[in-house]
Amino acid sequence: MLKGAGVLASAFLDQPYSTCLPALGGTACVLSGQPFDTAKVKMQTFPTMYRGFIHSLVSTVREVGLFGLYRGTAPALLANISENAVLFLGYGLCQDAVRFLSRMDKGVDLSDIQKASAGSLASIFSSMVLCPTELVKCRLQAMHEMEATGRVAAGQRSTVWSVVKMVLKTNGPLGFYQGLTSTIVRDIPGNFCFFGAYELCRTTFAKHMGTDKEGIGILPLMFSGGFGGACLWLVIYPIDCVKSRIQVHSLAGKQEGFMKTFMAIIRTEGKNPGVCEQR
């Protein structure tokens with residue numbers, strides 16, 4: 001999921017290399033943030049096992065080793081690179097679609113809300129490449145917990161290829177799209193908030209600095225991207241928790257769909273899914 005890795009790259013959306021820069025941003029995101037993402041997935045999928053973020057990190061290092069924090073790095077790299085490349089490429093195409101639907105001339109600058117709508121629409125396409133890679137990533141990240149709770153047999157070899165083979169063997173190619181509904185439901189409002197907040201921030205900076213958006217400089221650009229990322233996660237985190245549950249727990253058999261999983265979390269854990277307090 002876009003976590004701000006393409007923020008600086010998004011400054012180059014109008015450049016001819018707008019596809020490769022977000023891919024580089026996605027790589028930087030994974031290399032710097034994989035341990036934190038692993039802790040997030042573990043807390044989302046097994047909320048009673050960890051008291052919080054630090055406990056999750058320390059327990060993983062103690063029980064699995066430092067490498068345990070980097071499980072799923074390969075599919076995470078593929079997920080971020082493919083998502084950012086498709087999302088930012090689709091963003092430009094979807095801007096043209098918004099102009100067409102709004103009966104605007106090609107090349108006319110869109111409003112911040114219209115750009116947010118274009119980003120939201122582009123997320124439908126990015127979800128299609130993101131869902132399979134995130135499924136493999138999340139299963140690798142939570143494999144230790146699945147074995148510890150007896151949901152799957154202990155001692156299995158946990159590699160990208162072993163997870164891929166297991167999905168193909170048990171569910172076929174469509175098995176990689178378990179959690180697709182959750183991914184789309186998460187990304188449509190999430191990217192609307194990201195692109196909307198990002199563009200609104202840039203507009204505000206440009207107005208106060210007396211320049212256009214492209215002339216606001218690197219620090220305001222970074223703040224705008226960070227603000228957009230914060231807005232995205234504030235909105236989509238509960239849905240991301242549902243997606244993680246579906247993709248990980250389906251490893252042990254058939255998992256309920258989005259609405260049933262969502263309601264089960266509300267019923268058994270209250271309104272703070274993924275916020276892990278020891279019960």
# chains A, B, ... in the order shown; residues from 1 in each chain; ligands from 1
>>> select_by_dssp(residues="segment 3-234 of chain A", states="helix (DSSP H, G or I)", output="NGL selection string")
:A and (9-12 or 20-45 or 53-63 or 66-70 or 73-101 or 112-141 or 143-148 or 160-171 or 173-177 or 180-209 or 213-215 or 218-234)
>>> closest_atom_pairs(of="segment 224-258 of chain A", to="segment 142-154 of chain A", cutoff="12 Å", atoms="only C-alpha atoms", output="tab-separated table")
residue	atom	partner	partner_atom	distance
A:Ser244	CA	A:Ala142	CA	9.7
A:Arg245	CA	A:Ala142	CA	10.1
A:Gln247	CA	A:Ala142	CA	10.3
A:Val248	CA	A:Ala142	CA	7.0
A:His249	CA	A:Met146	CA	8.1
A:Ser250	CA	A:Arg151	CA	10.0
A:Leu251	CA	A:Val152	CA	7.8
A:Ala252	CA	A:Arg151	CA	5.7
A:Gly253	CA	A:Arg151	CA	9.0
>>> residues_around(residues="Cys201 of chain A", least_positions_apart="6", cutoff="9 Å", atoms="only C-alpha atoms", output="PyMOL selection string")
chain A and resi 220-221+223-225+227-228
>>> write_last_selection(atoms="all heavy atoms", output="CSV table (one decimal), in the first residue's frame")
chain,number,residue,atom,x,y,z
A,220,PRO,N,8.4,21.8,1.8
A,220,PRO,CA,6.9,21.8,1.7
A,220,PRO,C,6.4,20.6,0.9
A,220,PRO,O,5.3,20.1,1.3
A,220,PRO,CB,6.6,23.1,1.0
A,220,PRO,CG,7.8,24.0,1.2
A,220,PRO,CD,9.0,23.0,1.3
A,221,LEU,N,7.1,20.1,-0.1
A,221,LEU,CA,6.7,19.0,-0.8
A,221,LEU,C,6.7,17.7,0.1
A,221,LEU,O,5.8,16.9,0.1
A,221,LEU,CB,7.6,18.7,-2.0
A,221,LEU,CG,7.3,17.5,-2.9
A,221,LEU,CD1,6.0,17.6,-3.6
A,221,LEU,CD2,8.5,17.3,-3.9
A,223,PHE,N,6.5,17.7,3.4
A,223,PHE,CA,5.4,17.8,4.3
A,223,PHE,C,4.1,17.5,3.7
A,223,PHE,O,3.2,16.8,4.4
A,223,PHE,CB,5.4,19.3,4.9
A,223,PHE,CG,4.3,19.5,5.9
A,223,PHE,CD1,4.5,19.2,7.2
A,223,PHE,CD2,3.0,19.9,5.5
A,223,PHE,CE1,3.5,19.4,8.2
A,223,PHE,CE2,2.0,20.1,6.4
A,223,PHE,CZ,2.2,19.9,7.8
A,224,SER,N,3.8,17.9,2.5
A,224,SER,CA,2.6,17.6,1.8
A,224,SER,C,2.4,16.1,1.6
A,224,SER,O,1.3,15.6,1.9
A,224,SER,CB,2.6,18.3,0.4
A,224,SER,OG,2.7,19.7,0.6
A,225,GLY,N,3.5,15.4,1.2
A,225,GLY,CA,3.4,14.0,1.1
A,225,GLY,C,3.2,13.3,2.4
A,225,GLY,O,2.4,12.3,2.5
A,227,PHE,N,1.7,14.5,5.1
A,227,PHE,CA,0.4,14.8,5.5
A,227,PHE,C,-0.6,14.0,4.8
A,227,PHE,O,-1.6,13.5,5.3
A,227,PHE,CB,0.0,16.3,5.3
A,227,PHE,CG,-1.3,16.7,5.7
A,227,PHE,CD1,-1.7,16.8,7.0
A,227,PHE,CD2,-2.3,17.1,4.8
A,227,PHE,CE1,-2.9,17.2,7.4
A,227,PHE,CE2,-3.6,17.5,5.1
A,227,PHE,CZ,-3.9,17.5,6.5
A,228,GLY,N,-0.4,13.8,3.5
A,228,GLY,CA,-1.3,12.9,2.7
A,228,GLY,C,-1.2,11.5,3.2
A,228,GLY,O,-2.3,10.8,3.3
>>> residues_around(residues="segment 31-41 of chain A", least_positions_apart="6", cutoff="9 Å", atoms="only C-alpha atoms", output="VMD selection string")
chain A and resid 52 to 54 56 to 57 60 68 to 73 76 to 77 138 141 to 142 241 244 to 245 274
>>> write_last_selection(atoms="C-alpha atoms", output="PDB file, in the first residue's frame")
ATOM      1  CA  GLY A  52       2.013  -3.393  21.573  1.00  0.00           C
ATOM      2  CA  PHE A  53       4.468  -2.341  18.908  1.00  0.00           C
ATOM      3  CA  ILE A  54       7.689  -2.683  20.941  1.00  0.00           C
ATOM      4  CA  SER A  56       5.919  -7.314  18.896  1.00  0.00           C
ATOM      5  CA  LEU A  57       9.373  -6.257  17.649  1.00  0.00           C
ATOM      6  CA  THR A  60       9.960 -11.461  17.014  1.00  0.00           C
ATOM      7  CA  GLY A  68      12.111 -12.459  11.241  1.00  0.00           C
ATOM      8  CA  LEU A  69      11.429  -8.736  10.945  1.00  0.00           C
ATOM      9  CA  TYR A  70      12.384  -8.903   7.264  1.00  0.00           C
ATOM     10  CA  ARG A  71      10.250 -11.875   6.256  1.00  0.00           C
ATOM     11  CA  GLY A  72       8.244 -10.993   3.200  1.00  0.00           C
ATOM     12  CA  THR A  73      10.724  -8.398   1.966  1.00  0.00           C
ATOM     13  CA  ALA A  76       6.916  -6.399  -0.346  1.00  0.00           C
ATOM     14  CA  LEU A  77       9.416  -4.957  -2.815  1.00  0.00           C
ATOM     15  CA  CYS A 138       1.425 -11.044   4.957  1.00  0.00           C
ATOM     16  CA  GLN A 141       5.206 -12.141   8.092  1.00  0.00           C
ATOM     17  CA  ALA A 142       2.675 -13.978  10.281  1.00  0.00           C
ATOM     18  CA  CYS A 241      -6.727  -4.821   9.474  1.00  0.00           C
ATOM     19  CA  SER A 244      -4.638  -8.714   6.761  1.00  0.00           C
ATOM     20  CA  ARG A 245      -6.913 -11.066   8.736  1.00  0.00           C
ATOM     21  CA  GLY A 274      -5.261  -4.080  15.454  1.00  0.00           C
TER      22      GLY A 274
END
>>> atom_distance(atom1="atom CA of Pro238 of chain A", atom2="atom CA of Phe262 of chain A")
8.6 Å
>>> residues_around(residues="segment 194-196 of chain A", least_positions_apart="3", cutoff="7 Å", atoms="only C-alpha atoms", output="ChimeraX atom specification")
/A:112-113,115-116,119,190-191,199-200,228-229,231-232
>>> write_last_selection(atoms="N, CA and C atoms", output="short mmCIF file (atom, residue, chain, number, x, y, z; two decimals), in the first residue's frame")
data_model
loop_
_atom_site.label_atom_id
_atom_site.label_comp_id
_atom_site.auth_asym_id
_atom_site.auth_seq_id
_atom_site.Cartn_x
_atom_site.Cartn_y
_atom_site.Cartn_z
N ASP A 112 -8.24 20.31 -6.87
CA ASP A 112 -7.68 19.34 -5.93
C ASP A 112 -8.63 18.15 -5.74
N ILE A 113 -9.91 18.42 -5.67
CA ILE A 113 -10.90 17.34 -5.50
C ILE A 113 -10.92 16.44 -6.73
N LYS A 115 -8.42 15.89 -8.75
CA LYS A 115 -7.18 15.09 -8.72
C LYS A 115 -7.30 13.96 -7.71
N ALA A 116 -7.95 14.24 -6.59
CA ALA A 116 -8.19 13.19 -5.59
C ALA A 116 -9.06 12.09 -6.18
N GLY A 119 -6.92 9.94 -8.44
CA GLY A 119 -6.10 9.02 -7.66
C GLY A 119 -6.90 7.87 -7.11
N GLY A 190 -8.72 5.47 0.51
CA GLY A 190 -7.39 5.81 0.98
C GLY A 190 -6.63 6.71 0.02
N ASN A 191 -6.65 6.37 -1.25
CA ASN A 191 -5.93 7.19 -2.22
C ASN A 191 -6.66 8.49 -2.54
N GLU A 199 -2.50 17.26 -2.63
CA GLU A 199 -2.69 18.39 -3.55
C GLU A 199 -3.17 19.64 -2.80
N LEU A 200 -4.03 19.46 -1.80
CA LEU A 200 -4.51 20.60 -1.02
C LEU A 200 -3.37 21.27 -0.27
N GLY A 228 -0.40 13.80 3.46
CA GLY A 228 -1.28 12.94 2.66
C GLY A 228 -1.23 11.50 3.15
N GLY A 229 -0.02 11.01 3.47
CA GLY A 229 0.12 9.65 3.98
C GLY A 229 -0.57 9.46 5.31
N CYS A 231 -3.19 11.16 6.43
CA CYS A 231 -4.64 11.15 6.18
C CYS A 231 -5.07 9.79 5.63
N LEU A 232 -4.28 9.24 4.73
CA LEU A 232 -4.58 7.93 4.16
C LEU A 232 -4.71 6.87 5.25
#
